[in-house]
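As stored in data.cif (mmCIF, C-alpha atoms (C1' of nucleotides)):
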```cif
data_target
loop_
_atom_site.label_atom_id
_atom_site.label_comp_id
_atom_site.auth_asym_id
_atom_site.auth_seq_id
_atom_site.Cartn_x
_atom_site.Cartn_y
_atom_site.Cartn_z
CA MET A 30 -38.93 36.50 23.42
CA GLN A 31 -36.00 35.94 21.07
CA GLU A 32 -38.27 34.64 18.36
CA ALA A 33 -40.58 37.59 18.87
CA VAL A 34 -37.67 39.97 18.43
CA GLU A 35 -36.78 38.18 15.23
CA ILE A 36 -40.27 38.60 13.85
CA VAL A 37 -40.27 42.30 14.67
CA SER A 38 -36.82 42.66 13.13
CA GLU A 39 -37.80 40.99 9.91
CA LYS A 40 -41.37 42.10 9.41
CA GLY A 41 -42.15 44.86 11.88
CA LEU A 42 -44.24 45.13 14.98
CA ASN A 43 -47.52 44.69 13.14
CA ALA A 44 -46.40 41.25 12.01
CA LEU A 45 -45.93 40.14 15.59
CA THR A 46 -49.12 38.25 16.42
CA MET A 47 -49.68 35.43 18.83
CA SER A 48 -50.34 33.26 15.82
CA THR A 49 -47.11 34.02 13.93
CA LEU A 50 -45.13 33.82 17.14
CA SER A 51 -46.51 30.43 18.16
CA ALA A 52 -45.81 29.07 14.68
CA LYS A 53 -42.23 30.32 14.82
CA VAL A 54 -41.61 28.95 18.29
CA GLY A 55 -43.27 25.68 17.39
CA VAL A 56 -45.94 25.58 20.07
CA THR A 57 -49.61 26.42 20.16
CA GLU A 58 -50.89 29.87 21.01
CA GLY A 59 -52.20 28.63 24.31
CA ALA A 60 -48.70 27.66 25.38
CA LEU A 61 -47.57 31.28 24.98
CA TYR A 62 -50.19 32.30 27.48
CA ARG A 63 -48.55 30.01 30.05
CA HIS A 64 -45.61 32.42 30.02
CA PHE A 65 -47.14 35.79 29.19
CA SER A 66 -50.52 36.86 30.45
CA SER A 67 -51.04 39.05 27.40
CA LYS A 68 -49.36 40.21 24.24
CA ASN A 69 -48.70 43.55 25.88
CA GLU A 70 -46.83 41.87 28.71
CA LEU A 71 -44.66 40.09 26.17
CA ILE A 72 -43.83 43.37 24.45
CA MET A 73 -43.10 45.09 27.73
CA ASP A 74 -40.81 42.29 28.83
CA ILE A 75 -38.91 42.67 25.59
CA LEU A 76 -38.77 46.44 26.02
CA ASN A 77 -37.39 45.99 29.51
CA ASP A 78 -34.60 43.84 28.15
CA ILE A 79 -33.83 46.49 25.56
CA PHE A 80 -33.81 49.09 28.31
CA LEU A 81 -31.26 47.17 30.35
CA GLU A 82 -29.05 46.36 27.39
CA THR A 83 -29.06 49.92 26.04
CA THR A 84 -28.47 51.70 29.32
CA SER A 85 -25.69 49.33 30.34
CA GLN A 86 -23.95 49.99 27.04
CA ILE A 87 -24.31 53.73 27.48
CA SER A 88 -23.19 53.81 31.09
CA GLU A 89 -20.20 51.68 30.18
CA ALA A 90 -19.23 54.21 27.52
CA THR A 91 -19.81 57.05 29.94
CA SER A 92 -17.70 55.65 32.74
CA ARG A 93 -14.74 54.83 30.55
CA LYS A 94 -11.77 57.14 30.66
CA GLN A 95 -11.99 58.88 27.34
CA SER A 96 -12.82 62.28 25.94
CA ASN A 97 -16.45 63.33 25.84
CA ALA A 98 -16.33 63.31 22.07
CA ALA A 99 -15.10 59.72 22.19
CA LYS A 100 -17.93 58.79 24.56
CA LEU A 101 -20.41 60.30 22.18
CA GLN A 102 -18.93 58.41 19.28
CA GLN A 103 -18.95 55.14 21.17
CA ILE A 104 -22.60 55.54 22.18
CA MET A 105 -23.65 56.33 18.64
CA GLU A 106 -21.65 53.41 17.26
CA ASN A 107 -23.02 50.95 19.82
CA GLN A 108 -26.57 52.07 19.30
CA LEU A 109 -26.48 51.92 15.52
CA PHE A 110 -24.75 48.58 15.65
CA LEU A 111 -27.55 47.32 17.88
CA PHE A 112 -30.11 48.60 15.39
CA LYS A 113 -28.28 46.96 12.54
CA GLN A 114 -28.05 43.60 14.25
CA ARG A 115 -31.55 43.63 15.64
CA PRO A 116 -33.78 46.09 13.76
CA ALA A 117 -36.53 45.10 16.18
CA ILE A 118 -34.94 47.37 18.74
CA ALA A 119 -35.39 50.37 16.48
CA ASN A 120 -38.85 49.23 15.49
CA LEU A 121 -39.92 48.91 19.11
CA LEU A 122 -38.29 52.06 20.45
CA PHE A 123 -39.77 54.10 17.64
CA ALA A 124 -43.19 52.43 17.60
CA GLU A 125 -45.03 55.69 18.01
CA GLU A 126 -48.14 54.39 16.40
CA TYR A 127 -48.32 51.52 18.84
CA PHE A 128 -48.01 53.47 22.04
CA LEU A 129 -50.73 55.87 21.03
CA THR A 130 -53.26 53.33 22.20
CA ASN A 131 -51.35 51.69 25.02
CA HIS A 132 -50.52 53.73 28.05
CA ASP A 133 -48.17 51.33 29.83
CA ILE A 134 -45.99 50.84 26.80
CA LYS A 135 -45.91 54.55 26.19
CA ILE A 136 -44.67 55.20 29.72
CA LEU A 137 -42.00 52.57 29.34
CA ILE A 138 -40.72 53.87 26.01
CA TYR A 139 -40.78 57.39 27.39
CA SER A 140 -38.58 56.41 30.31
CA ILE A 141 -36.16 54.58 28.04
CA ILE A 142 -35.71 57.50 25.69
CA ASN A 143 -35.59 59.94 28.57
CA THR A 144 -32.87 57.98 30.31
CA ILE A 145 -30.79 57.83 27.17
CA GLN A 146 -31.26 61.53 26.57
CA LEU A 147 -30.11 62.39 30.08
CA TYR A 148 -26.97 60.32 29.71
CA ILE A 149 -26.11 62.18 26.54
CA GLN A 150 -27.01 65.52 28.02
CA GLU A 151 -24.50 64.87 30.79
CA ILE A 152 -21.76 64.23 28.25
CA PHE A 153 -22.44 67.59 26.65
CA GLU A 154 -22.39 69.29 30.03
CA ASN A 155 -19.03 67.77 30.87
CA GLY A 156 -17.71 68.56 27.43
CA LYS A 157 -18.70 72.18 27.87
CA ASN A 158 -17.03 72.44 31.26
CA SER A 159 -13.80 70.98 29.96
CA ASN A 160 -13.84 73.35 26.97
CA GLU A 161 -14.01 70.39 24.68
CA PHE A 162 -17.30 71.63 23.28
CA LYS A 163 -18.45 75.15 22.62
CA HIS A 164 -19.53 77.21 25.59
CA ASN A 165 -22.77 78.34 24.01
CA LEU A 166 -24.27 74.86 23.65
CA ASN A 167 -27.52 74.09 25.37
CA PRO A 168 -26.88 70.55 26.61
CA ARG A 169 -30.53 69.54 26.62
CA HIS A 170 -31.17 70.89 23.16
CA ILE A 171 -28.03 69.53 21.63
CA SER A 172 -28.60 66.09 23.14
CA MET A 173 -32.02 66.01 21.54
CA MET A 174 -30.55 67.11 18.23
CA PHE A 175 -28.04 64.31 18.57
CA LEU A 176 -30.78 61.76 19.18
CA GLY A 177 -32.86 63.32 16.43
CA THR A 178 -30.00 62.84 14.00
CA ILE A 179 -29.86 59.16 14.92
CA ARG A 180 -33.64 58.94 14.62
CA MET A 181 -33.53 60.48 11.16
CA LEU A 182 -30.73 58.21 10.05
CA VAL A 183 -32.69 55.17 11.11
CA MET A 184 -35.80 56.40 9.34
CA ASN A 185 -33.88 56.91 6.10
CA TRP A 186 -32.24 53.56 6.53
CA LYS A 187 -35.64 51.89 6.76
CA LEU A 188 -36.95 53.87 3.81
CA SER A 189 -33.95 52.70 1.80
CA ASP A 190 -34.86 49.07 2.56
CA TYR A 191 -31.74 48.73 4.72
CA GLN A 192 -29.65 49.13 1.58
CA TRP A 193 -26.73 50.98 3.10
CA ASP A 194 -24.70 50.37 6.22
CA LEU A 195 -26.18 52.20 9.19
CA PRO A 196 -23.12 52.28 11.47
CA ALA A 197 -20.93 53.49 8.59
CA GLN A 198 -23.27 56.36 7.78
CA GLY A 199 -23.48 57.08 11.49
CA LYS A 200 -19.74 57.61 11.59
CA VAL A 201 -19.96 60.13 8.78
CA PHE A 202 -22.72 62.02 10.51
CA TYR A 203 -20.91 61.89 13.81
CA HIS A 204 -17.99 63.76 12.31
CA SER A 205 -20.23 66.40 10.83
CA PHE A 206 -21.88 66.76 14.18
CA LEU A 207 -18.62 67.06 16.05
CA GLU A 208 -17.34 69.61 13.56
CA ILE A 209 -20.00 72.12 14.52
CA ILE A 210 -19.96 71.64 18.29
CA GLU A 211 -16.23 71.35 18.90
CA GLU A 212 -14.42 74.26 20.46
CA LYS A 213 -11.65 75.26 18.11
CA ASN A 214 -8.74 76.45 20.15
CA LEU A 215 -7.45 79.45 18.23
CA ASN A 216 -4.31 79.73 20.30
CA GLN A 217 -2.86 76.43 19.24
CA MET B 9 -60.81 62.56 3.40
CA GLN B 10 -61.25 65.32 5.95
CA GLU B 11 -62.98 63.00 8.38
CA ALA B 12 -60.25 60.41 7.85
CA VAL B 13 -57.62 63.02 8.70
CA GLU B 14 -59.55 63.83 11.87
CA ILE B 15 -59.58 60.20 12.95
CA VAL B 16 -55.86 59.87 12.36
CA SER B 17 -55.28 63.13 14.23
CA GLU B 18 -57.25 62.06 17.25
CA LYS B 19 -56.57 58.37 17.49
CA GLY B 20 -53.73 57.49 15.16
CA LEU B 21 -53.45 55.67 11.88
CA ASN B 22 -54.37 52.31 13.39
CA ALA B 23 -57.75 53.70 14.39
CA LEU B 24 -58.54 54.55 10.79
CA THR B 25 -60.66 51.65 9.58
CA MET B 26 -63.34 51.62 6.94
CA SER B 27 -65.76 50.95 9.76
CA THR B 28 -64.79 53.91 11.97
CA LEU B 29 -64.57 56.17 8.94
CA SER B 30 -67.98 55.24 7.60
CA ALA B 31 -69.50 55.78 11.04
CA LYS B 32 -67.89 59.22 11.29
CA VAL B 33 -68.94 60.28 7.81
CA GLY B 34 -72.41 58.91 8.38
CA VAL B 35 -72.58 56.49 5.46
CA THR B 36 -72.10 52.78 5.09
CA GLU B 37 -68.75 51.21 4.36
CA GLY B 38 -69.85 50.30 0.89
CA ALA B 39 -70.38 53.95 0.08
CA LEU B 40 -66.72 54.66 0.80
CA TYR B 41 -65.79 52.19 -1.92
CA ARG B 42 -67.71 54.31 -4.41
CA HIS B 43 -65.02 56.95 -3.96
CA PHE B 44 -61.88 54.98 -3.11
CA SER B 45 -61.07 51.64 -4.60
CA SER B 46 -59.24 50.64 -1.45
CA LYS B 47 -58.16 51.89 1.93
CA ASN B 48 -54.66 52.29 0.60
CA GLU B 49 -55.88 54.56 -2.16
CA LEU B 50 -57.62 56.70 0.42
CA ILE B 51 -54.41 57.02 2.44
CA MET B 52 -52.37 57.79 -0.64
CA ASP B 53 -54.81 60.48 -1.73
CA ILE B 54 -54.48 62.07 1.69
CA LEU B 55 -50.70 61.82 1.54
CA ASN B 56 -50.72 63.50 -1.84
CA ASP B 57 -52.65 66.42 -0.40
CA ILE B 58 -50.15 66.67 2.42
CA PHE B 59 -47.35 66.60 -0.11
CA LEU B 60 -48.81 69.50 -2.06
CA GLU B 61 -49.59 71.56 1.02
CA THR B 62 -46.20 71.03 2.61
CA THR B 63 -44.09 71.65 -0.46
CA SER B 64 -46.04 74.75 -1.41
CA GLN B 65 -45.47 76.16 2.05
CA ILE B 66 -41.78 75.40 1.84
CA SER B 67 -41.30 76.77 -1.63
CA GLU B 68 -43.14 79.90 -0.63
CA ALA B 69 -40.76 80.38 2.28
CA THR B 70 -37.81 79.65 0.03
CA SER B 71 -38.73 82.11 -2.66
CA ARG B 72 -39.41 84.98 -0.30
CA LYS B 73 -36.79 87.66 0.00
CA GLN B 74 -35.37 87.02 3.41
CA SER B 75 -32.21 85.70 4.99
CA ASN B 76 -31.57 81.99 4.84
CA ALA B 77 -31.89 81.83 8.61
CA ALA B 78 -35.30 83.44 8.33
CA LYS B 79 -36.32 80.93 5.67
CA LEU B 80 -35.30 78.12 7.94
CA GLN B 81 -37.27 79.56 10.80
CA GLN B 82 -40.34 80.06 8.68
CA ILE B 83 -40.24 76.50 7.40
CA MET B 84 -39.89 75.10 10.89
CA GLU B 85 -42.68 77.30 12.20
CA ASN B 86 -45.05 76.42 9.38
CA GLN B 87 -44.36 72.74 9.68
CA LEU B 88 -44.81 72.56 13.43
CA PHE B 89 -47.93 74.66 13.20
CA LEU B 90 -49.29 72.20 10.65
CA PHE B 91 -48.51 69.32 12.98
CA LYS B 92 -50.18 71.11 15.85
CA GLN B 93 -53.33 71.82 13.93
CA ARG B 94 -53.55 68.46 12.25
CA PRO B 95 -51.53 65.83 14.11
CA ALA B 96 -52.59 63.40 11.39
CA ILE B 97 -49.95 64.93 9.15
CA ALA B 98 -47.22 63.97 11.59
CA ASN B 99 -48.80 60.58 12.20
CA LEU B 100 -48.92 59.85 8.48
CA LEU B 101 -45.51 61.22 7.53
CA PHE B 102 -43.89 59.30 10.35
CA ALA B 103 -45.90 56.08 9.97
CA GLU B 104 -42.84 53.93 9.63
CA GLU B 105 -44.57 50.86 10.87
CA TYR B 106 -47.26 51.18 8.24
CA PHE B 107 -45.09 51.54 5.20
CA LEU B 108 -43.04 48.51 6.15
CA THR B 109 -45.74 46.39 4.58
CA ASN B 110 -46.92 48.69 1.83
CA HIS B 111 -44.55 49.51 -0.95
CA ASP B 112 -46.51 52.25 -2.71
CA ILE B 113 -47.05 54.24 0.46
CA LYS B 114 -43.39 53.84 1.36
CA ILE B 115 -42.33 55.26 -2.00
CA LEU B 116 -44.69 58.20 -1.59
CA ILE B 117 -43.53 59.06 1.93
CA TYR B 118 -39.95 58.69 0.80
CA SER B 119 -40.43 61.20 -1.97
CA ILE B 120 -42.17 63.65 0.35
CA ILE B 121 -39.41 63.56 2.95
CA ASN B 122 -36.76 63.61 0.28
CA THR B 123 -38.24 66.67 -1.38
CA ILE B 124 -38.42 68.51 1.92
CA GLN B 125 -34.86 67.58 2.74
CA LEU B 126 -33.59 68.88 -0.59
CA TYR B 127 -35.34 72.21 -0.10
CA ILE B 128 -33.66 72.60 3.26
CA GLN B 129 -30.34 71.44 1.95
CA GLU B 130 -30.47 74.21 -0.62
CA ILE B 131 -31.02 76.79 2.07
CA PHE B 132 -27.91 75.63 3.86
CA GLU B 133 -25.93 75.73 0.64
CA ASN B 134 -27.01 79.29 -0.04
CA GLY B 135 -26.36 80.26 3.56
CA LYS B 136 -22.86 78.89 3.30
CA ASN B 137 -22.15 80.77 0.10
CA SER B 138 -23.34 84.05 1.55
CA ASN B 139 -21.25 83.52 4.69
CA GLU B 140 -24.40 83.51 6.72
CA PHE B 141 -23.64 80.00 7.94
CA LYS B 142 -20.32 78.41 8.77
CA HIS B 143 -18.17 77.36 5.86
CA ASN B 144 -17.52 73.89 7.26
CA LEU B 145 -21.15 72.79 7.22
CA ASN B 146 -22.10 69.77 5.17
CA PRO B 147 -25.46 70.89 3.73
CA ARG B 148 -26.83 67.39 3.36
CA HIS B 149 -25.86 66.35 6.84
CA ILE B 150 -26.99 69.52 8.51
CA SER B 151 -30.33 69.43 6.73
CA MET B 152 -30.91 65.93 8.03
CA MET B 153 -29.97 67.03 11.51
CA PHE B 154 -32.45 69.85 11.16
CA LEU B 155 -35.21 67.45 10.15
CA GLY B 156 -34.11 65.01 12.84
CA THR B 157 -34.50 67.72 15.43
CA ILE B 158 -38.04 68.33 14.26
CA ARG B 159 -38.67 64.60 14.22
CA MET B 160 -37.44 64.26 17.79
CA LEU B 161 -39.49 67.22 18.95
CA VAL B 162 -42.64 65.69 17.50
CA MET B 163 -41.87 62.34 19.10
CA ASN B 164 -41.45 63.93 22.51
CA TRP B 165 -44.56 65.97 21.98
CA LYS B 166 -46.55 62.82 21.34
CA LEU B 167 -44.99 61.07 24.31
CA SER B 168 -46.00 64.03 26.46
CA ASP B 169 -49.62 63.58 25.39
CA TYR B 170 -49.45 66.87 23.45
CA GLN B 171 -49.09 68.65 26.78
CA TRP B 172 -46.82 71.45 25.66
CA ASP B 173 -46.92 73.77 22.68
CA LEU B 174 -45.02 72.32 19.74
CA PRO B 175 -44.42 75.54 17.76
CA ALA B 176 -43.23 77.35 20.89
CA GLN B 177 -40.70 74.64 21.70
CA GLY B 178 -39.72 74.64 18.05
CA LYS B 179 -38.78 78.29 18.30
CA VAL B 180 -36.54 77.58 21.27
CA PHE B 181 -34.82 74.76 19.45
CA TYR B 182 -34.46 76.82 16.32
CA HIS B 183 -32.44 79.40 18.19
CA SER B 184 -30.19 76.76 19.68
CA PHE B 185 -29.73 75.33 16.22
CA LEU B 186 -28.93 78.68 14.66
CA GLU B 187 -26.48 79.48 17.43
CA ILE B 188 -24.20 76.62 16.45
CA ILE B 189 -24.35 76.99 12.67
CA GLU B 190 -24.17 80.77 12.35
CA GLU B 191 -20.98 82.37 11.19
CA LYS B 192 -19.90 84.83 13.84
CA ASN B 193 -18.21 87.74 12.17
CA LEU B 194 -15.28 88.44 14.43
CA ASN B 195 -14.42 91.68 12.68
CA GLN B 196 -17.56 93.48 13.66
"C1'" DC C 22 -49.52 13.69 43.67
"C1'" DT C 23 -49.17 18.37 42.78
"C1'" DT C 24 -47.42 21.82 39.70
"C1'" DT C 25 -45.93 23.12 35.37
"C1'" DT C 26 -46.35 23.09 30.66
"C1'" DG C 27 -48.43 21.76 26.78
"C1'" DT C 28 -52.53 20.73 23.20
"C1'" DA C 29 -56.87 21.07 20.49
"C1'" DA C 30 -60.51 23.45 19.72
"C1'" DG C 31 -62.95 26.87 20.57
"C1'" DT C 32 -64.52 32.14 21.40
"C1'" DA C 33 -66.17 36.98 20.03
"C1'" DA C 34 -64.78 40.92 17.84
"C1'" DA C 35 -62.65 43.33 14.12
"C1'" DT C 36 -60.69 43.63 9.58
"C1'" DA C 37 -61.01 45.06 4.29
"C1'" DT C 38 -63.73 44.10 0.66
"C1'" DT C 39 -67.85 42.64 -2.23
"C1'" DC C 40 -72.49 41.82 -3.49
"C1'" DA C 41 -77.30 42.55 -5.20
"C1'" DC C 42 -80.20 45.97 -4.97
"C1'" DA C 43 -82.25 50.84 -4.35
"C1'" DT C 44 -82.57 55.78 -5.07
"C1'" DA C 45 -81.67 60.25 -7.07
"C1'" DC C 46 -80.85 62.94 -10.93
"C1'" DA C 47 -79.61 64.54 -15.39
"C1'" DT C 48 -79.80 63.86 -20.27
"C1'" DG C 49 -81.95 62.61 -24.57
"C1'" DC C 50 -85.98 61.61 -27.11
"C1'" DA C 51 -91.01 61.17 -28.37
"C1'" DT D 11 -94.69 67.67 -20.89
"C1'" DG D 12 -93.92 62.53 -20.33
"C1'" DC D 13 -90.94 58.77 -20.42
"C1'" DA D 14 -86.84 56.02 -21.01
"C1'" DT D 15 -82.05 55.43 -20.11
"C1'" DG D 16 -77.59 55.98 -17.96
"C1'" DT D 17 -74.74 57.23 -14.19
"C1'" DA D 18 -73.46 58.46 -9.62
"C1'" DT D 19 -74.19 57.37 -5.09
"C1'" DG D 20 -76.09 55.09 -1.50
"C1'" DT D 21 -77.81 50.69 1.53
"C1'" DG D 22 -77.62 46.44 4.11
"C1'" DA D 23 -76.02 42.21 4.48
"C1'" DA D 24 -72.63 38.96 3.67
"C1'" DT D 25 -67.79 37.45 2.71
"C1'" DA D 26 -63.30 35.21 4.35
"C1'" DT D 27 -59.66 36.08 7.24
"C1'" DT D 28 -57.26 37.60 11.26
"C1'" DT D 29 -57.03 39.15 15.85
"C1'" DA D 30 -56.09 38.34 21.13
"C1'" DC D 31 -57.55 35.36 24.29
"C1'" DT D 32 -59.94 31.13 26.80
"C1'" DT D 33 -61.23 26.61 28.20
"C1'" DA D 34 -61.26 21.59 29.05
"C1'" DC D 35 -58.21 18.22 29.11
"C1'" DA D 36 -53.64 15.59 28.89
"C1'" DA D 37 -48.84 14.65 29.59
"C1'" DA D 38 -44.70 15.33 32.01
"C1'" DA D 39 -41.73 16.55 35.70
"C1'" DG D 40 -40.22 17.05 40.24
#
```

Conversion result in structure tokens:
Amino acid sequence: MQEAVEIVSEKGLNALTMSTLSAKVGVTEGALYRHFSSKNELIMDILNDIFLETTSQISEATSRKQSNAAKLQQIMENQLFLFKQRPAIANLLFAEEYFLTNHDIKILIYSIINTIQLYIQEIFENGKNSNEFKHNLNPRHISMMFLGTIRMLVMNWKLSDYQWDLPAQGKVFYHSFLEIIEEKNLNQ
Amino acid sequence: MQEAVEIVSEKGLNALTMSTLSAKVGVTEGALYRHFSSKNELIMDILNDIFLETTSQISEATSRKQSNAAKLQQIMENQLFLFKQRPAIANLLFAEEYFLTNHDIKILIYSIINTIQLYIQEIFENGKNSNEFKHNLNPRHISMMFLGTIRMLVMNWKLSDYQWDLPAQGKVFYHSFLEIIEEKNLNQ
DNA sequence: CTTTTGTAAGTAAATATTCACATACATGCA
DNA sequence: TGCATGTATGTGAATATTTACTTACAAAAG
């Protein structure tokens, strides 16, 4: 699974074939089928790992005692750092083309993204209640805008051939994002 | 090219093969090579059409005499309507997996997205100058957030099996977006 | 001695592309 | 009008390569 992730990181999901994987691992293709009944199962196992890793990171950030803005920043940082270290994670989570033809994978990706979105939505709800964020925010909408911003950043990062630093750009965007959603206390 | 767009709309870019296309058109595969020197050329020709269509729609919206907010809304509406009518356009513009291996296509998609982003950036700049939008907006950042929101909407739409109406949801999101970037004139 | 894990060599289907050859049609010329 | 020539467009079959997956058999490990 690690070698598979490496292939996807370096050359994309399309480059992950049983042939390239077996060569990289140093066994025959048949040996892979001793451990995974199909290529889809392999991908889903990897996705499940990503699911666990991502949600544990997010829930850790959520449960920590810090402002909602800080939680948001930590989640964005962690996520972009994950993408930077293992681009496969971005490639797999955003493999829209792939899940068009595979129902199981689609369901899995859907639940991953949905879970993440709900975590973030909760942060916006709390931030609203504590007057940290503006009262007129729609938590669901703004959480999707937040994720969309990350999505767009990653897309541009790929289009740039990974030329610039993703987490660094994320920080810049985070501040722009915060600027427009923060409640400015006029009485201070 | 029309039939190719239909295939991509219905079954995704991966389903577009010279074999499926020739069957749909009702000719042999060889005949296709009388008109396109390669599959890549076919895709790039289609992308060029999309480029022209999209940018002309955007520049039309930009040049019309209307508020910057209205321009933004019109662009979003047009774009989502295009995606709804021909999902191939979304599939092709967001075919990140595909352009990982093909440099020419990557460059083309990059220039399309970049052009769109610059148009939108300009709207935010003008909106700032006319006090329509908040003065603390970063036009580049906010334009990417705007596109990211659209990107995320389309992704969710696909994950939902196109169950809900994309332009309608777009309208809802547009209003949420406007709400947080609009300059509220406190003196009125 | 049974179970796990591997190999070597296959499978059928799909992929983009090419080939020699055929047809249709317009233009130019006798 | 009658015929030759050139060009655009098609066919049908073949190409080499890649794909996910299978099968018969062997070694190793507990």

Restrict the calculation to only C-alpha atoms (C1' of nucleotides), then for each residue of chain A with any atom at most 9 Å from an atom of chain C give the closest atom pair and their distance in Å to one decimal, rows by chain and rising residue number, as a tab-separated table.
```
residue	atom	partner	partner_atom	distance
A:Val56	CA	C:DG27	C1'	8.1
A:Thr57	CA	C:DT28	C1'	7.1
A:Gly59	CA	C:DT28	C1'	8.0
A:Ala60	CA	C:DG27	C1'	6.1
A:Arg63	CA	C:DT26	C1'	7.3
```

Atoms kept (C-alpha atoms) for selection, written as an mmCIF file, in the frame of the given file:
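Output saved as selection.cif:
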```
data_model
loop_
_atom_site.group_PDB
_atom_site.id
_atom_site.type_symbol
_atom_site.label_atom_id
_atom_site.label_comp_id
_atom_site.auth_asym_id
_atom_site.auth_seq_id
_atom_site.Cartn_x
_atom_site.Cartn_y
_atom_site.Cartn_z
ATOM 1 C CA VAL A 56 -45.940 25.580 20.070
ATOM 2 C CA THR A 57 -49.610 26.420 20.160
ATOM 3 C CA GLY A 59 -52.200 28.630 24.310
ATOM 4 C CA ALA A 60 -48.700 27.660 25.380
ATOM 5 C CA ARG A 63 -48.550 30.010 30.050
#
```

Q. Care to translate the PyMOL selection byres ((chain D) within 8 of (chain B)) into actual residues of this file, as a ChimeraX atom specification?
A. /D:19-21

Q: At a cut-off of 10 Å, list the chain B residues touching chain A, using only C-alpha atoms, as number ranges by chain.
A: B: 18-23, 99-100, 102-109, 111, 114-115, 117-119, 121-122, 142, 144-161, 163-164, 166-169, 180-185, 187-190

Would you put the residues from that selection into a file with C-alpha atoms, as an mmCIF file, in the frame of the given file?
```cif
data_model
loop_
_atom_site.group_PDB
_atom_site.id
_atom_site.type_symbol
_atom_site.label_atom_id
_atom_site.label_comp_id
_atom_site.auth_asym_id
_atom_site.auth_seq_id
_atom_site.Cartn_x
_atom_site.Cartn_y
_atom_site.Cartn_z
ATOM 1 C CA GLU B 18 -57.250 62.060 17.250
ATOM 2 C CA LYS B 19 -56.570 58.370 17.490
ATOM 3 C CA GLY B 20 -53.730 57.490 15.160
ATOM 4 C CA LEU B 21 -53.450 55.670 11.880
ATOM 5 C CA ASN B 22 -54.370 52.310 13.390
ATOM 6 C CA ALA B 23 -57.750 53.700 14.390
ATOM 7 C CA ASN B 99 -48.800 60.580 12.200
ATOM 8 C CA LEU B 100 -48.920 59.850 8.480
ATOM 9 C CA PHE B 102 -43.890 59.300 10.350
ATOM 10 C CA ALA B 103 -45.900 56.080 9.970
ATOM 11 C CA GLU B 104 -42.840 53.930 9.630
ATOM 12 C CA GLU B 105 -44.570 50.860 10.870
ATOM 13 C CA TYR B 106 -47.260 51.180 8.240
ATOM 14 C CA PHE B 107 -45.090 51.540 5.200
ATOM 15 C CA LEU B 108 -43.040 48.510 6.150
ATOM 16 C CA THR B 109 -45.740 46.390 4.580
ATOM 17 C CA HIS B 111 -44.550 49.510 -0.950
ATOM 18 C CA LYS B 114 -43.390 53.840 1.360
ATOM 19 C CA ILE B 115 -42.330 55.260 -2.000
ATOM 20 C CA ILE B 117 -43.530 59.060 1.930
ATOM 21 C CA TYR B 118 -39.950 58.690 0.800
ATOM 22 C CA SER B 119 -40.430 61.200 -1.970
ATOM 23 C CA ILE B 121 -39.410 63.560 2.950
ATOM 24 C CA ASN B 122 -36.760 63.610 0.280
ATOM 25 C CA LYS B 142 -20.320 78.410 8.770
ATOM 26 C CA ASN B 144 -17.520 73.890 7.260
ATOM 27 C CA LEU B 145 -21.150 72.790 7.220
ATOM 28 C CA ASN B 146 -22.100 69.770 5.170
ATOM 29 C CA PRO B 147 -25.460 70.890 3.730
ATOM 30 C CA ARG B 148 -26.830 67.390 3.360
ATOM 31 C CA HIS B 149 -25.860 66.350 6.840
ATOM 32 C CA ILE B 150 -26.990 69.520 8.510
ATOM 33 C CA SER B 151 -30.330 69.430 6.730
ATOM 34 C CA MET B 152 -30.910 65.930 8.030
ATOM 35 C CA MET B 153 -29.970 67.030 11.510
ATOM 36 C CA PHE B 154 -32.450 69.850 11.160
ATOM 37 C CA LEU B 155 -35.210 67.450 10.150
ATOM 38 C CA GLY B 156 -34.110 65.010 12.840
ATOM 39 C CA THR B 157 -34.500 67.720 15.430
ATOM 40 C CA ILE B 158 -38.040 68.330 14.260
ATOM 41 C CA ARG B 159 -38.670 64.600 14.220
ATOM 42 C CA MET B 160 -37.440 64.260 17.790
ATOM 43 C CA LEU B 161 -39.490 67.220 18.950
ATOM 44 C CA MET B 163 -41.870 62.340 19.100
ATOM 45 C CA ASN B 164 -41.450 63.930 22.510
ATOM 46 C CA LYS B 166 -46.550 62.820 21.340
ATOM 47 C CA LEU B 167 -44.990 61.070 24.310
ATOM 48 C CA SER B 168 -46.000 64.030 26.460
ATOM 49 C CA ASP B 169 -49.620 63.580 25.390
ATOM 50 C CA VAL B 180 -36.540 77.580 21.270
ATOM 51 C CA PHE B 181 -34.820 74.760 19.450
ATOM 52 C CA TYR B 182 -34.460 76.820 16.320
ATOM 53 C CA HIS B 183 -32.440 79.400 18.190
ATOM 54 C CA SER B 184 -30.190 76.760 19.680
ATOM 55 C CA PHE B 185 -29.730 75.330 16.220
ATOM 56 C CA GLU B 187 -26.480 79.480 17.430
ATOM 57 C CA ILE B 188 -24.200 76.620 16.450
ATOM 58 C CA ILE B 189 -24.350 76.990 12.670
ATOM 59 C CA GLU B 190 -24.170 80.770 12.350
#
```

**Q.** Coordinates-based distance that separates CA of Ile66 (chain B) from CA of Gln10 (chain B) (Å, one decimal)
**A.** 22.3 Å

Q: Please indicate the distance in Å from CA of Lys47 (chain B) to CA of Phe91 (chain B), rounded to one decimal place.
A: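 Distance between the two atoms: 22.8 Å.
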
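One distance worth recording is that between CA of Ile104 (chain A) and CA of Ala90 (chain A), which is 6.5 Å.
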
Q: Convert the output of the PyMOL selection byres ((chain A and resi 155) around 12) on the shown file into explicit residues, formatted as a VMD selection string.
A: chain A and resid 91 95 to 98 100 to 101 148 to 154 156 to 164 166 to 168

**Q.** Nearby residues (only C-alpha atoms (C1' of nucleotides)) at most 10 Å from Asp194 (chain A), same-chain spacing under 6 positions excluded, as a PyMOL selection string
**A.** chain A and resi 109-110+113+186
